[in-house]
Structures are given as C-alpha cells and as structure tokens.
Amino acid sequence: MSKERLVTGIRATGNLHIGNYYGAMKGIIELQEKYHAYYFIADIHALTTHPNPKDLKKKVLEVAKDYLAVGLDPEKSIFYVQSSIAEEVAELHTYLSMVMPLGDLMRCPTFKEKAKKHPDNINYGLVGYPVLMAADILIHQGSLIPVGEDQLVHLEIARKIVRRFNQLYGEIFPEPQPVIENAVRIPSLTGKGKMSKSDETASYIGLEEDTLMIERKVKKAYSDPTRIYKHQPGHPTVEGCNVYHLHTFFTSESERKEIIAACQGATIGCVQCKKSLSESIDVLLQPIREKREQISEDYLHDVLLYGKRKAKESAQEVISEVRKAIGLRMI
Ligand code: TYM
C-alpha cells in the first residue's frame with residue numbers, strides 16, 4: 001500500500017447521482033485497495049445554501065448509504081462525516097485563510113457561477129469554499145485527490161495555499177494532485193451544463209432510482225436538436241447529441257457502434273436510442289440499489305462512529321504540527 005494519502009469528499013446536498021458515481025465514486029472504490037484513503041461526507045460545505053437542519057441530517061445518512069452501496073469498505077478506508085472533525089477542520093481553515101488572496105477566490109469560476117445563480121445569497125462561506133476544501137484535504141496531509149473535472153479549479157487553489165503556507169512555515173503539507181483518470185464531466189439530462197444535484201430532479205438520475213423512473217427521465221432527455229423526424233439521419237457524436245454523449249459513459253463500445261450506424265442510417269429513432277441508454281444505466285444501478293436496501297441505520301451509525309475516531313486521530317496529529325509551525329502558544 002502506498003504511503004501517499006488520498007482524500008475526497010461529497011457534499012451532503014441530496015441523493016447522489018450517476019455523475020457523482022462516474023466522476024468520483026467509481027474511481028475511489030478502486031483506489032481504496034492501493035492507498036491510505038479518507039472519504040468523507042461534506043455536511044459543513046452544504047451549509048452555504050442553508051438546508052433545513054432535519055433534512056441535512058437525513059441527507060448525510062443517504063449519502064453514507066450511497067457510498068457503502070457502491071462498494072466503499074469502511075475497514076479499508078477511513079469513512080466519516082466532515083463535522084465529526086469540525087474543530088480541526090475549522091481551525092485549519094482559519095489558518096489557511098490568512099495566506100489565500102481574496103482576489104483569487106472572487107475570480108474563481110465556481111464562485112462566479114454560484115453568485116450569478118443566487119445573487120441574493122453571496123455569503124462569506126461561499127467565497128471561502130475552496131479554502132475549506134483545502135482544509136479538508138490538508139487536515140490529513142492528503143496528496144491524491146480523486147474528483148470530477150468540475151473540482152479541478154478548487155484543487156488549483158489548494159495547491160496555491162500549500163505553496164504559500166510552506167514558504168512561510170516550512171514543508172508542512174504536500175501539494176495535492178487530482179487523480180486524473182476520473183476527471184470527467186457527466187452532462188445533465190437537460191443538455192445544460194453538468195449533471196448536478198442542485199438542479200431540478202429531471203436533470204439527473206439518482207443512484208437509488210428504479211427502472212421505471214430511469215426510463216421516464218431518460219425519455220425526456222435533451223437529444224439532437226436538429227433531428228425532428230425518425231427518417232432524418234442523426235448526429236451521434238459528443239457535440240451533436242446529448243443522449244449519445246451520455247451513452248459514451250454508460251454503454252459498451254460495441255453497442256455504441258451499432259447505435260451510431262443505426263442513428264446515422266435513420267433506422268432507429270431517438271425513442272429507441274433513449275431506451276437503450278436507460279437500460280445501460282439500469283444495469284449499472286441495479287446491484288447498487290440492492291446493496292443499498294440491505295444497509296440498516298444501526299450499521300451506518302457504527303460505521304460513521306468508527307470513522308470519526310480514526311479521522312480525529314489523524315486530524316489532531318496534523319493540527320498540532322501546524323500550530324507549532326506557525327508559532328501559536330497554546331497555553
Ligand atoms: P460534489 O458533492 O458536488 O460532487 C462530488 C464528486 O462528484 C463529482 N461530480 C461529477 N463528476 C462528473 N460529472 C458530474 N456531472 C459530476 N457532478 C459531481 C465532483 O467532481 C466530486 O468529485 N466541493 C466538493 C466536495 C468536497 C471535496 C472536498 C472534494 C468538499 N471538500 C475535499 C475533494 C476534496 C463538491 O462539492 O463535490
């Protein structure tokens with residue numbers, strides 16, 4: 001097992017979708033065999049949008065179930081809720097915030113996007129979101145970070161923080177690197193941007209959704225806008241058709257070749273093509289759904305408590321080292 005530490009998190013903002021699965025979870029399940037890994041549920045990050053407290057608690061458990069259902073092994077990796085180590089993470093966040101230029105945070109494209117979408121809720125936590133993310137990673141001295149493509153800008157900021165911090169206080173942190181193989185962006189069913197749980201439910205497919213629901217949602221997915229009638233040839237490319245783009249992640253290459261030929265030859269229409277996409281997604285989700293149903297709340301509680309103890313140990317070691325390095329006199 002490599003000594004390098006792998007860290008990644010998923011926000012507790014609702015059930016996970018196939019974008020999270022493909023962009024992050026699938027990879028982390030494979031990586032847990034090779035690395036000393038920390039996987040957490042980011043409930044503090046979810047607070048930027050002020051969720052109802054009861055809902056937030058529920059969502060943490062839903063996300064925990066999803067992680068376990070896709071194959072996370074809590075014996076192999078350290079699996080915990082972010083707020084279980086709130087003291088250490090919040091403290092480190094404060095120290096890191098002192099070396100991070102505000103201008104860079106305000107220019108961060110994800111911040112600008114969120115501020116544009118919700119101009120009435122541009123809070124301090126939203127600007128500092130990437131700094132809190134850096135604290136999540138560095139609290140375990142993480143160096144390998146498996147994330148989807150949308151998080152790469154945040155990792156760039158984390159690296160900048162590390163360089164500045166180390167320059168001031170010595171080599172405390174490794175520079176976190178993304179685990180590239182997983183850097184994909186699964187498009188939304190609506191054809192607008194990436195699949196995201198902050199958008200309307202028709203735009204994503206949740207890991208817990210059943211065959212019928214998947215079929216219903218995929219049926220309404222945005223496809224090739226230039227193909228109106230079945231007798232017209234389609235454009236089965238990533239740029240030409242959102243449904244084909246989704247096929248590239250979930251459908252085998254051989255089946256895709258058949259779809260391309262049939263779509264270009266106008267022997268199948270969008271309805272049939274969507275049916276085969278929903279089947280591919282359903283094949284992926286069926287075992288996850290089955291496993292999910294077997295996970296009890298008691299088991300979840302035990303797993304998260306065990307993870308909390310382990311994460312706390314590692315976080316306390318790092319935060320003591322940081323306090324010493326920056327010259328705080330903790331009397
Ligand atoms: P979050 O909760 O939005 O997403 C969790 C993971 O899923 C990936 N992802 C996608 N990948 C491909 N296509 C998509 N449509 C798609 N949607 C989401 C994300 O890239 C991510 O890897 N800020 C993070 C959570 C976080 C974190 C961290 C991650 C907090 N602290 C420290 C790594 C390290 C977030 O909001 O992810």
# chains A, B, ... in the order shown; residues from 1 in each chain; ligands from 1

$ residues_near_ligand --ligand "ligand 1" --cutoff "8 Å" --atoms "only C-alpha atoms and all ligand atoms" --output "PyMOL selection string"
chain A and resi 7-13+17-25+41-42+45+129-130+132-137+145-152+154-155+182-188+194-197

$ residues_around --residues "segment 170-174 of chain A" --least-positions-apart "5" --cutoff "9 Å" --atoms "only C-alpha atoms" --output "PyMOL selection string"
chain A and resi 138+141-143+159+162-163+165+318+321-322+325

$ closest_residue --among "A:Lys116, A:Met106, A:Met100, A:Lys58" --to "Ala158 of chain A" --atoms "only C-alpha atoms"
A:Met100

$ select_by_dssp --residues "segment 62-216 of chain A" --states "helix (DSSP H, G or I)" --output "NGL selection string"
:A and (62-69 or 82-97 or 102-107 or 109-117 or 124-127 or 129-138 or 149-169 or 180-182 or 201-203 or 211-216)

$ closest_residue --among "A:Ile214, A:Ile122, A:Leu328, A:Ile259" --to "Glu279 of chain A" --atoms "only C-alpha atoms"
A:Ile214

$ residues_around --residues "Tyr244 of chain A" --least-positions-apart "3" --cutoff "9 Å" --atoms "only C-alpha atoms" --output "ChimeraX atom specification"
/A:223-224,235-241,247-248,256,259-260,273-274,277

$ write_last_selection --atoms "all heavy atoms" --output "short mmCIF file (atom, residue, chain, number, x, y, z; two decimals), in the first residue's frame"
data_model
loop_
_atom_site.label_atom_id
_atom_site.label_comp_id
_atom_site.auth_asym_id
_atom_site.auth_seq_id
_atom_site.Cartn_x
_atom_site.Cartn_y
_atom_site.Cartn_z
N SER A 223 -31.92 15.68 -26.68
CA SER A 223 -31.06 14.90 -27.60
C SER A 223 -30.56 15.81 -28.73
O SER A 223 -30.21 16.95 -28.47
CB SER A 223 -31.80 13.66 -28.10
OG SER A 223 -33.03 14.03 -28.68
N ASP A 224 -30.54 15.27 -29.95
CA ASP A 224 -30.03 16.03 -31.08
C ASP A 224 -31.11 17.03 -31.54
O ASP A 224 -32.14 16.63 -32.07
CB ASP A 224 -29.69 15.02 -32.19
CG ASP A 224 -29.25 15.69 -33.48
OD1 ASP A 224 -29.24 16.94 -33.53
OD2 ASP A 224 -28.90 14.96 -34.42
N HIS A 235 -27.04 12.81 -35.44
CA HIS A 235 -25.61 13.18 -35.29
C HIS A 235 -25.07 12.58 -34.00
O HIS A 235 -24.93 13.29 -33.00
CB HIS A 235 -25.47 14.70 -35.27
CG HIS A 235 -26.04 15.35 -36.48
ND1 HIS A 235 -27.35 15.74 -36.58
CD2 HIS A 235 -25.46 15.64 -37.68
CE1 HIS A 235 -27.57 16.25 -37.78
NE2 HIS A 235 -26.44 16.21 -38.46
N PRO A 236 -24.79 11.28 -34.01
CA PRO A 236 -24.36 10.62 -32.77
C PRO A 236 -22.89 10.89 -32.42
O PRO A 236 -22.02 10.03 -32.56
CB PRO A 236 -24.61 9.13 -33.06
CG PRO A 236 -24.52 9.02 -34.54
CD PRO A 236 -24.90 10.34 -35.13
N THR A 237 -22.64 12.12 -31.98
CA THR A 237 -21.30 12.48 -31.50
C THR A 237 -21.49 13.19 -30.16
O THR A 237 -22.60 13.61 -29.83
CB THR A 237 -20.60 13.48 -32.46
OG1 THR A 237 -21.43 14.66 -32.53
CG2 THR A 237 -20.40 12.91 -33.85
N VAL A 238 -20.38 13.37 -29.45
CA VAL A 238 -20.44 14.03 -28.14
C VAL A 238 -21.00 15.45 -28.29
O VAL A 238 -21.81 15.90 -27.49
CB VAL A 238 -19.02 14.04 -27.52
CG1 VAL A 238 -18.93 14.99 -26.36
CG2 VAL A 238 -18.65 12.63 -27.09
N GLU A 239 -20.59 16.14 -29.35
CA GLU A 239 -21.05 17.52 -29.55
C GLU A 239 -22.46 17.57 -30.14
O GLU A 239 -23.23 18.47 -29.87
CB GLU A 239 -20.13 18.31 -30.51
CG GLU A 239 -18.70 18.45 -30.07
CD GLU A 239 -17.89 17.17 -30.30
OE1 GLU A 239 -18.26 16.38 -31.19
OE2 GLU A 239 -16.91 16.95 -29.55
N GLY A 240 -22.79 16.56 -30.96
CA GLY A 240 -24.03 16.62 -31.73
C GLY A 240 -25.27 16.18 -30.97
O GLY A 240 -26.38 16.57 -31.31
N CYS A 241 -25.09 15.32 -29.96
CA CYS A 241 -26.27 14.76 -29.30
C CYS A 241 -25.97 14.44 -27.83
O CYS A 241 -25.08 13.65 -27.52
CB CYS A 241 -26.70 13.49 -30.04
SG CYS A 241 -28.09 12.70 -29.23
N HIS A 247 -24.37 8.09 -23.61
CA HIS A 247 -24.04 6.70 -23.98
C HIS A 247 -22.54 6.42 -23.82
O HIS A 247 -22.13 5.33 -23.45
CB HIS A 247 -24.42 6.44 -25.44
CG HIS A 247 -25.80 5.89 -25.63
ND1 HIS A 247 -26.20 4.67 -25.12
CD2 HIS A 247 -26.87 6.38 -26.31
CE1 HIS A 247 -27.47 4.43 -25.48
NE2 HIS A 247 -27.91 5.46 -26.19
N THR A 248 -21.71 7.43 -24.13
CA THR A 248 -20.25 7.19 -24.11
C THR A 248 -19.76 6.78 -22.71
O THR A 248 -18.74 6.14 -22.57
CB THR A 248 -19.43 8.41 -24.58
OG1 THR A 248 -19.70 9.50 -23.69
CG2 THR A 248 -19.74 8.82 -26.00
N ARG A 256 -22.43 0.81 -28.74
CA ARG A 256 -22.42 2.19 -29.24
C ARG A 256 -22.20 2.24 -30.74
O ARG A 256 -22.80 3.05 -31.45
CB ARG A 256 -21.33 2.97 -28.52
CG ARG A 256 -21.92 3.91 -27.53
CD ARG A 256 -20.95 4.60 -26.64
NE ARG A 256 -19.62 4.77 -27.06
CZ ARG A 256 -18.56 4.45 -26.30
NH1 ARG A 256 -18.74 3.92 -25.11
NH2 ARG A 256 -17.34 4.66 -26.73
N ILE A 259 -25.35 1.65 -32.37
CA ILE A 259 -26.24 2.82 -32.25
C ILE A 259 -25.84 3.90 -33.26
O ILE A 259 -26.69 4.48 -33.94
CB ILE A 259 -26.22 3.37 -30.80
CG1 ILE A 259 -26.94 2.38 -29.88
CG2 ILE A 259 -26.85 4.75 -30.71
CD1 ILE A 259 -26.82 2.69 -28.41
N ILE A 260 -24.54 4.12 -33.39
CA ILE A 260 -24.06 5.14 -34.33
C ILE A 260 -24.54 4.82 -35.75
O ILE A 260 -25.12 5.67 -36.43
CB ILE A 260 -22.51 5.24 -34.30
CG1 ILE A 260 -22.06 5.77 -32.94
CG2 ILE A 260 -21.99 6.14 -35.42
CD1 ILE A 260 -20.55 5.82 -32.75
N CYS A 273 -33.17 4.82 -29.04
CA CYS A 273 -31.81 5.11 -28.56
C CYS A 273 -31.85 5.43 -27.07
O CYS A 273 -30.99 4.99 -26.29
CB CYS A 273 -31.26 6.27 -29.36
SG CYS A 273 -29.68 6.86 -28.81
N LYS A 274 -32.89 6.15 -26.67
CA LYS A 274 -33.02 6.50 -25.24
C LYS A 274 -33.35 5.26 -24.42
O LYS A 274 -32.91 5.13 -23.29
CB LYS A 274 -34.12 7.56 -25.06
CG LYS A 274 -33.68 8.94 -25.51
CD LYS A 274 -34.82 9.92 -25.41
CE LYS A 274 -34.38 11.34 -25.71
NZ LYS A 274 -35.50 12.28 -25.71
N LEU A 277 -30.22 3.58 -23.69
CA LEU A 277 -29.44 4.31 -22.67
C LEU A 277 -30.01 4.01 -21.28
O LEU A 277 -29.26 3.73 -20.33
CB LEU A 277 -29.46 5.82 -22.94
CG LEU A 277 -28.76 6.67 -21.88
CD1 LEU A 277 -27.27 6.34 -21.77
CD2 LEU A 277 -28.92 8.18 -22.15
#

$ residues_around --residues "Thr267 of chain A" --least-positions-apart "4" --cutoff "10 Å" --atoms "only C-alpha atoms" --output "VMD selection string"
chain A and resid 230 to 233 259 261 to 263 272

$ write_last_selection --atoms "N, CA and C atoms" --output "mmCIF file, in the first residue's frame"
data_model
loop_
_atom_site.group_PDB
_atom_site.id
_atom_site.type_symbol
_atom_site.label_atom_id
_atom_site.label_comp_id
_atom_site.auth_asym_id
_atom_site.auth_seq_id
_atom_site.Cartn_x
_atom_site.Cartn_y
_atom_site.Cartn_z
ATOM 1 N N LYS A 230 -37.934 10.682 -37.340
ATOM 2 C CA LYS A 230 -37.138 9.451 -37.306
ATOM 3 C C LYS A 230 -36.419 9.188 -38.647
ATOM 4 N N HIS A 231 -37.041 9.601 -39.754
ATOM 5 C CA HIS A 231 -36.405 9.290 -41.055
ATOM 6 C C HIS A 231 -35.177 10.176 -41.341
ATOM 7 N N GLN A 232 -34.965 11.200 -40.496
ATOM 8 C CA GLN A 232 -33.766 12.042 -40.704
ATOM 9 C C GLN A 232 -32.558 11.373 -40.037
ATOM 10 N N PRO A 233 -31.391 11.412 -40.688
ATOM 11 C CA PRO A 233 -30.210 10.861 -40.000
ATOM 12 C C PRO A 233 -29.824 11.745 -38.804
ATOM 13 N N ILE A 259 -25.355 1.649 -32.374
ATOM 14 C CA ILE A 259 -26.241 2.817 -32.251
ATOM 15 C C ILE A 259 -25.845 3.896 -33.258
ATOM 16 N N ALA A 261 -24.332 3.551 -36.146
ATOM 17 C CA ALA A 261 -24.706 3.165 -37.508
ATOM 18 C C ALA A 261 -26.219 3.323 -37.708
ATOM 19 N N ALA A 262 -26.990 2.874 -36.727
ATOM 20 C CA ALA A 262 -28.446 2.909 -36.866
ATOM 21 C C ALA A 262 -28.980 4.341 -36.834
ATOM 22 N N CYS A 263 -28.352 5.194 -36.038
ATOM 23 C CA CYS A 263 -28.803 6.587 -35.940
ATOM 24 C C CYS A 263 -28.449 7.334 -37.222
ATOM 25 N N GLN A 272 -35.914 4.859 -29.341
ATOM 26 C CA GLN A 272 -35.227 3.579 -29.155
ATOM 27 C C GLN A 272 -33.828 3.777 -28.570
#

$ closest_residue --among "A:Asn166, A:Glu91, A:Leu56, A:Glu208" --to "Lys291 of chain A" --atoms "only C-alpha atoms"
A:Glu208

$ residues_around --residues "Leu102 of chain A" --least-positions-apart "3" --cutoff "12 Å" --atoms "only C-alpha atoms" --output "number ranges by chain"
A: 96-99, 105-108, 111, 124, 127-131, 157, 161

$ residues_around --residues "segment 86-88 of chain A" --least-positions-apart "2" --cutoff "7 Å" --atoms "only C-alpha atoms" --output "PDB file with N, CA and C atoms, in the first residue's frame"
ATOM      1  N   GLN A  82     -17.770  15.038   7.703  1.00  0.00           N
ATOM      2  CA  GLN A  82     -16.873  16.203   7.857  1.00  0.00           C
ATOM      3  C   GLN A  82     -17.023  16.840   9.242  1.00  0.00           C
ATOM      4  N   SER A  83     -18.266  17.005   9.724  1.00  0.00           N
ATOM      5  CA  SER A  83     -18.467  17.689  11.009  1.00  0.00           C
ATOM      6  C   SER A  83     -17.980  16.862  12.197  1.00  0.00           C
ATOM      7  N   SER A  84     -17.642  15.590  11.977  1.00  0.00           N
ATOM      8  CA  SER A  84     -17.060  14.788  13.069  1.00  0.00           C
ATOM      9  C   SER A  84     -15.691  15.329  13.469  1.00  0.00           C
ATOM     10  N   ALA A  90     -12.162  23.400  10.968  1.00  0.00           N
ATOM     11  CA  ALA A  90     -12.460  24.838  11.042  1.00  0.00           C
ATOM     12  C   ALA A  90     -11.220  25.612  11.473  1.00  0.00           C
ATOM     13  N   GLU A  91     -10.454  25.029  12.371  1.00  0.00           N
ATOM     14  CA  GLU A  91      -9.239  25.710  12.842  1.00  0.00           C
ATOM     15  C   GLU A  91      -8.230  25.832  11.690  1.00  0.00           C
ATOM     16  N   LEU A  92      -8.038  24.725  11.001  1.00  0.00           N
ATOM     17  CA  LEU A  92      -7.079  24.774   9.891  1.00  0.00           C
ATOM     18  C   LEU A  92      -7.563  25.743   8.810  1.00  0.00           C
ATOM     19  N   ALA A 315      -6.392  13.890  12.251  1.00  0.00           N
ATOM     20  CA  ALA A 315      -6.574  15.347  12.206  1.00  0.00           C
ATOM     21  C   ALA A 315      -5.878  16.031  13.385  1.00  0.00           C
ATOM     22  N   GLN A 316      -5.940  15.404  14.543  1.00  0.00           N
ATOM     23  CA  GLN A 316      -5.313  16.040  15.715  1.00  0.00           C
ATOM     24  C   GLN A 316      -3.793  16.067  15.594  1.00  0.00           C
ATOM     25  N   ILE A 319      -3.041  18.970  13.113  1.00  0.00           N
ATOM     26  CA  ILE A 319      -3.301  20.324  13.608  1.00  0.00           C
ATOM     27  C   ILE A 319      -2.266  20.710  14.683  1.00  0.00           C
TER      28      ILE A 319
END

$ decode --residues "segment 52-65 of chain A" --atoms "all heavy atoms" --output "PDB file, in the first residue's frame"
ATOM      1  N   ASN A  52     -32.476  22.904   5.650  1.00  0.00           N
ATOM      2  CA  ASN A  52     -33.219  22.678   6.872  1.00  0.00           C
ATOM      3  C   ASN A  52     -32.420  21.660   7.713  1.00  0.00           C
ATOM      4  O   ASN A  52     -31.990  20.631   7.190  1.00  0.00           O
ATOM      5  CB  ASN A  52     -34.579  22.134   6.403  1.00  0.00           C
ATOM      6  CG  ASN A  52     -35.386  21.551   7.506  1.00  0.00           C
ATOM      7  OD1 ASN A  52     -34.947  20.647   8.202  1.00  0.00           O
ATOM      8  ND2 ASN A  52     -36.582  22.057   7.632  1.00  0.00           N
ATOM      9  N   PRO A  53     -32.186  21.936   9.027  1.00  0.00           N
ATOM     10  CA  PRO A  53     -31.321  21.066   9.841  1.00  0.00           C
ATOM     11  C   PRO A  53     -31.734  19.588   9.822  1.00  0.00           C
ATOM     12  O   PRO A  53     -30.881  18.701   9.760  1.00  0.00           O
ATOM     13  CB  PRO A  53     -31.437  21.656  11.244  1.00  0.00           C
ATOM     14  CG  PRO A  53     -31.824  23.080  11.022  1.00  0.00           C
ATOM     15  CD  PRO A  53     -32.631  23.124   9.772  1.00  0.00           C
ATOM     16  N   LYS A  54     -33.042  19.334   9.870  1.00  0.00           N
ATOM     17  CA  LYS A  54     -33.501  17.934   9.858  1.00  0.00           C
ATOM     18  C   LYS A  54     -33.144  17.264   8.535  1.00  0.00           C
ATOM     19  O   LYS A  54     -32.694  16.131   8.491  1.00  0.00           O
ATOM     20  CB  LYS A  54     -35.023  17.895  10.039  1.00  0.00           C
ATOM     21  CG  LYS A  54     -35.432  17.570  11.458  1.00  0.00           C
ATOM     22  CD  LYS A  54     -36.878  17.103  11.474  1.00  0.00           C
ATOM     23  CE  LYS A  54     -37.474  17.403  12.830  1.00  0.00           C
ATOM     24  NZ  LYS A  54     -38.860  17.875  12.764  1.00  0.00           N
ATOM     25  N   ASP A  55     -33.362  18.010   7.458  1.00  0.00           N
ATOM     26  CA  ASP A  55     -33.051  17.480   6.121  1.00  0.00           C
ATOM     27  C   ASP A  55     -31.569  17.183   5.985  1.00  0.00           C
ATOM     28  O   ASP A  55     -31.170  16.170   5.424  1.00  0.00           O
ATOM     29  CB  ASP A  55     -33.378  18.533   5.052  1.00  0.00           C
ATOM     30  CG  ASP A  55     -34.817  18.503   4.666  1.00  0.00           C
ATOM     31  OD1 ASP A  55     -35.549  17.640   5.183  1.00  0.00           O
ATOM     32  OD2 ASP A  55     -35.217  19.372   3.864  1.00  0.00           O
ATOM     33  N   LEU A  56     -30.767  18.096   6.516  1.00  0.00           N
ATOM     34  CA  LEU A  56     -29.318  17.921   6.377  1.00  0.00           C
ATOM     35  C   LEU A  56     -28.882  16.615   7.047  1.00  0.00           C
ATOM     36  O   LEU A  56     -28.131  15.829   6.481  1.00  0.00           O
ATOM     37  CB  LEU A  56     -28.566  19.122   6.974  1.00  0.00           C
ATOM     38  CG  LEU A  56     -27.046  19.044   6.908  1.00  0.00           C
ATOM     39  CD1 LEU A  56     -26.545  18.951   5.468  1.00  0.00           C
ATOM     40  CD2 LEU A  56     -26.396  20.257   7.574  1.00  0.00           C
ATOM     41  N   LYS A  57     -29.402  16.382   8.247  1.00  0.00           N
ATOM     42  CA  LYS A  57     -29.055  15.153   8.972  1.00  0.00           C
ATOM     43  C   LYS A  57     -29.442  13.919   8.160  1.00  0.00           C
ATOM     44  O   LYS A  57     -28.702  12.946   8.091  1.00  0.00           O
ATOM     45  CB  LYS A  57     -29.804  15.123  10.310  1.00  0.00           C
ATOM     46  CG  LYS A  57     -29.072  15.838  11.405  1.00  0.00           C
ATOM     47  CD  LYS A  57     -29.706  15.492  12.720  1.00  0.00           C
ATOM     48  CE  LYS A  57     -28.963  16.130  13.863  1.00  0.00           C
ATOM     49  NZ  LYS A  57     -29.704  16.086  15.107  1.00  0.00           N
ATOM     50  N   LYS A  58     -30.627  13.993   7.562  1.00  0.00           N
ATOM     51  CA  LYS A  58     -31.122  12.861   6.766  1.00  0.00           C
ATOM     52  C   LYS A  58     -30.233  12.644   5.545  1.00  0.00           C
ATOM     53  O   LYS A  58     -29.879  11.528   5.183  1.00  0.00           O
ATOM     54  CB  LYS A  58     -32.553  13.176   6.300  1.00  0.00           C
ATOM     55  CG  LYS A  58     -33.572  12.181   6.831  1.00  0.00           C
ATOM     56  CD  LYS A  58     -34.846  12.274   6.030  1.00  0.00           C
ATOM     57  CE  LYS A  58     -35.944  12.968   6.808  1.00  0.00           C
ATOM     58  NZ  LYS A  58     -36.989  13.550   6.004  1.00  0.00           N
ATOM     59  N   LYS A  59     -29.859  13.766   4.933  1.00  0.00           N
ATOM     60  CA  LYS A  59     -29.073  13.673   3.698  1.00  0.00           C
ATOM     61  C   LYS A  59     -27.699  13.058   3.946  1.00  0.00           C
ATOM     62  O   LYS A  59     -27.167  12.337   3.111  1.00  0.00           O
ATOM     63  CB  LYS A  59     -28.956  15.049   3.055  1.00  0.00           C
ATOM     64  CG  LYS A  59     -30.219  15.375   2.282  1.00  0.00           C
ATOM     65  CD  LYS A  59     -30.200  16.756   1.723  1.00  0.00           C
ATOM     66  CE  LYS A  59     -31.501  17.011   0.956  1.00  0.00           C
ATOM     67  NZ  LYS A  59     -31.703  18.422   0.687  1.00  0.00           N
ATOM     68  N   VAL A  60     -27.135  13.351   5.108  1.00  0.00           N
ATOM     69  CA  VAL A  60     -25.829  12.767   5.439  1.00  0.00           C
ATOM     70  C   VAL A  60     -25.947  11.241   5.410  1.00  0.00           C
ATOM     71  O   VAL A  60     -25.100  10.537   4.838  1.00  0.00           O
ATOM     72  CB  VAL A  60     -25.352  13.250   6.828  1.00  0.00           C
ATOM     73  CG1 VAL A  60     -24.187  12.422   7.333  1.00  0.00           C
ATOM     74  CG2 VAL A  60     -24.959  14.723   6.764  1.00  0.00           C
ATOM     75  N   LEU A  61     -27.026  10.728   5.994  1.00  0.00           N
ATOM     76  CA  LEU A  61     -27.191   9.270   6.031  1.00  0.00           C
ATOM     77  C   LEU A  61     -27.448   8.696   4.633  1.00  0.00           C
ATOM     78  O   LEU A  61     -26.971   7.613   4.307  1.00  0.00           O
ATOM     79  CB  LEU A  61     -28.332   8.884   6.980  1.00  0.00           C
ATOM     80  CG  LEU A  61     -28.082   9.202   8.452  1.00  0.00           C
ATOM     81  CD1 LEU A  61     -29.216   8.681   9.311  1.00  0.00           C
ATOM     82  CD2 LEU A  61     -26.754   8.625   8.959  1.00  0.00           C
ATOM     83  N   GLU A  62     -28.184   9.458   3.823  1.00  0.00           N
ATOM     84  CA  GLU A  62     -28.442   8.984   2.454  1.00  0.00           C
ATOM     85  C   GLU A  62     -27.130   8.884   1.669  1.00  0.00           C
ATOM     86  O   GLU A  62     -26.886   7.910   0.964  1.00  0.00           O
ATOM     87  CB  GLU A  62     -29.392   9.949   1.711  1.00  0.00           C
ATOM     88  CG  GLU A  62     -30.812   9.943   2.232  1.00  0.00           C
ATOM     89  CD  GLU A  62     -31.459   8.567   2.144  1.00  0.00           C
ATOM     90  OE1 GLU A  62     -31.333   7.916   1.106  1.00  0.00           O
ATOM     91  OE2 GLU A  62     -32.082   8.151   3.153  1.00  0.00           O
ATOM     92  N   VAL A  63     -26.301   9.919   1.817  1.00  0.00           N
ATOM     93  CA  VAL A  63     -25.022   9.900   1.093  1.00  0.00           C
ATOM     94  C   VAL A  63     -24.137   8.763   1.632  1.00  0.00           C
ATOM     95  O   VAL A  63     -23.473   8.058   0.860  1.00  0.00           O
ATOM     96  CB  VAL A  63     -24.289  11.265   1.186  1.00  0.00           C
ATOM     97  CG1 VAL A  63     -22.923  11.198   0.532  1.00  0.00           C
ATOM     98  CG2 VAL A  63     -25.118  12.361   0.551  1.00  0.00           C
ATOM     99  N   ALA A  64     -24.185   8.560   2.949  1.00  0.00           N
ATOM    100  CA  ALA A  64     -23.380   7.474   3.537  1.00  0.00           C
ATOM    101  C   ALA A  64     -23.817   6.131   2.952  1.00  0.00           C
ATOM    102  O   ALA A  64     -22.989   5.289   2.586  1.00  0.00           O
ATOM    103  CB  ALA A  64     -23.545   7.468   5.057  1.00  0.00           C
ATOM    104  N   LYS A  65     -25.129   5.961   2.818  1.00  0.00           N
ATOM    105  CA  LYS A  65     -25.645   4.715   2.242  1.00  0.00           C
ATOM    106  C   LYS A  65     -25.152   4.544   0.808  1.00  0.00           C
ATOM    107  O   LYS A  65     -24.763   3.457   0.400  1.00  0.00           O
ATOM    108  CB  LYS A  65     -27.177   4.778   2.222  1.00  0.00           C
ATOM    109  CG  LYS A  65     -27.821   3.987   3.318  1.00  0.00           C
ATOM    110  CD  LYS A  65     -29.304   3.888   3.042  1.00  0.00           C
ATOM    111  CE  LYS A  65     -30.017   3.627   4.354  1.00  0.00           C
ATOM    112  NZ  LYS A  65     -31.465   3.693   4.247  1.00  0.00           N
TER     113      LYS A  65
END
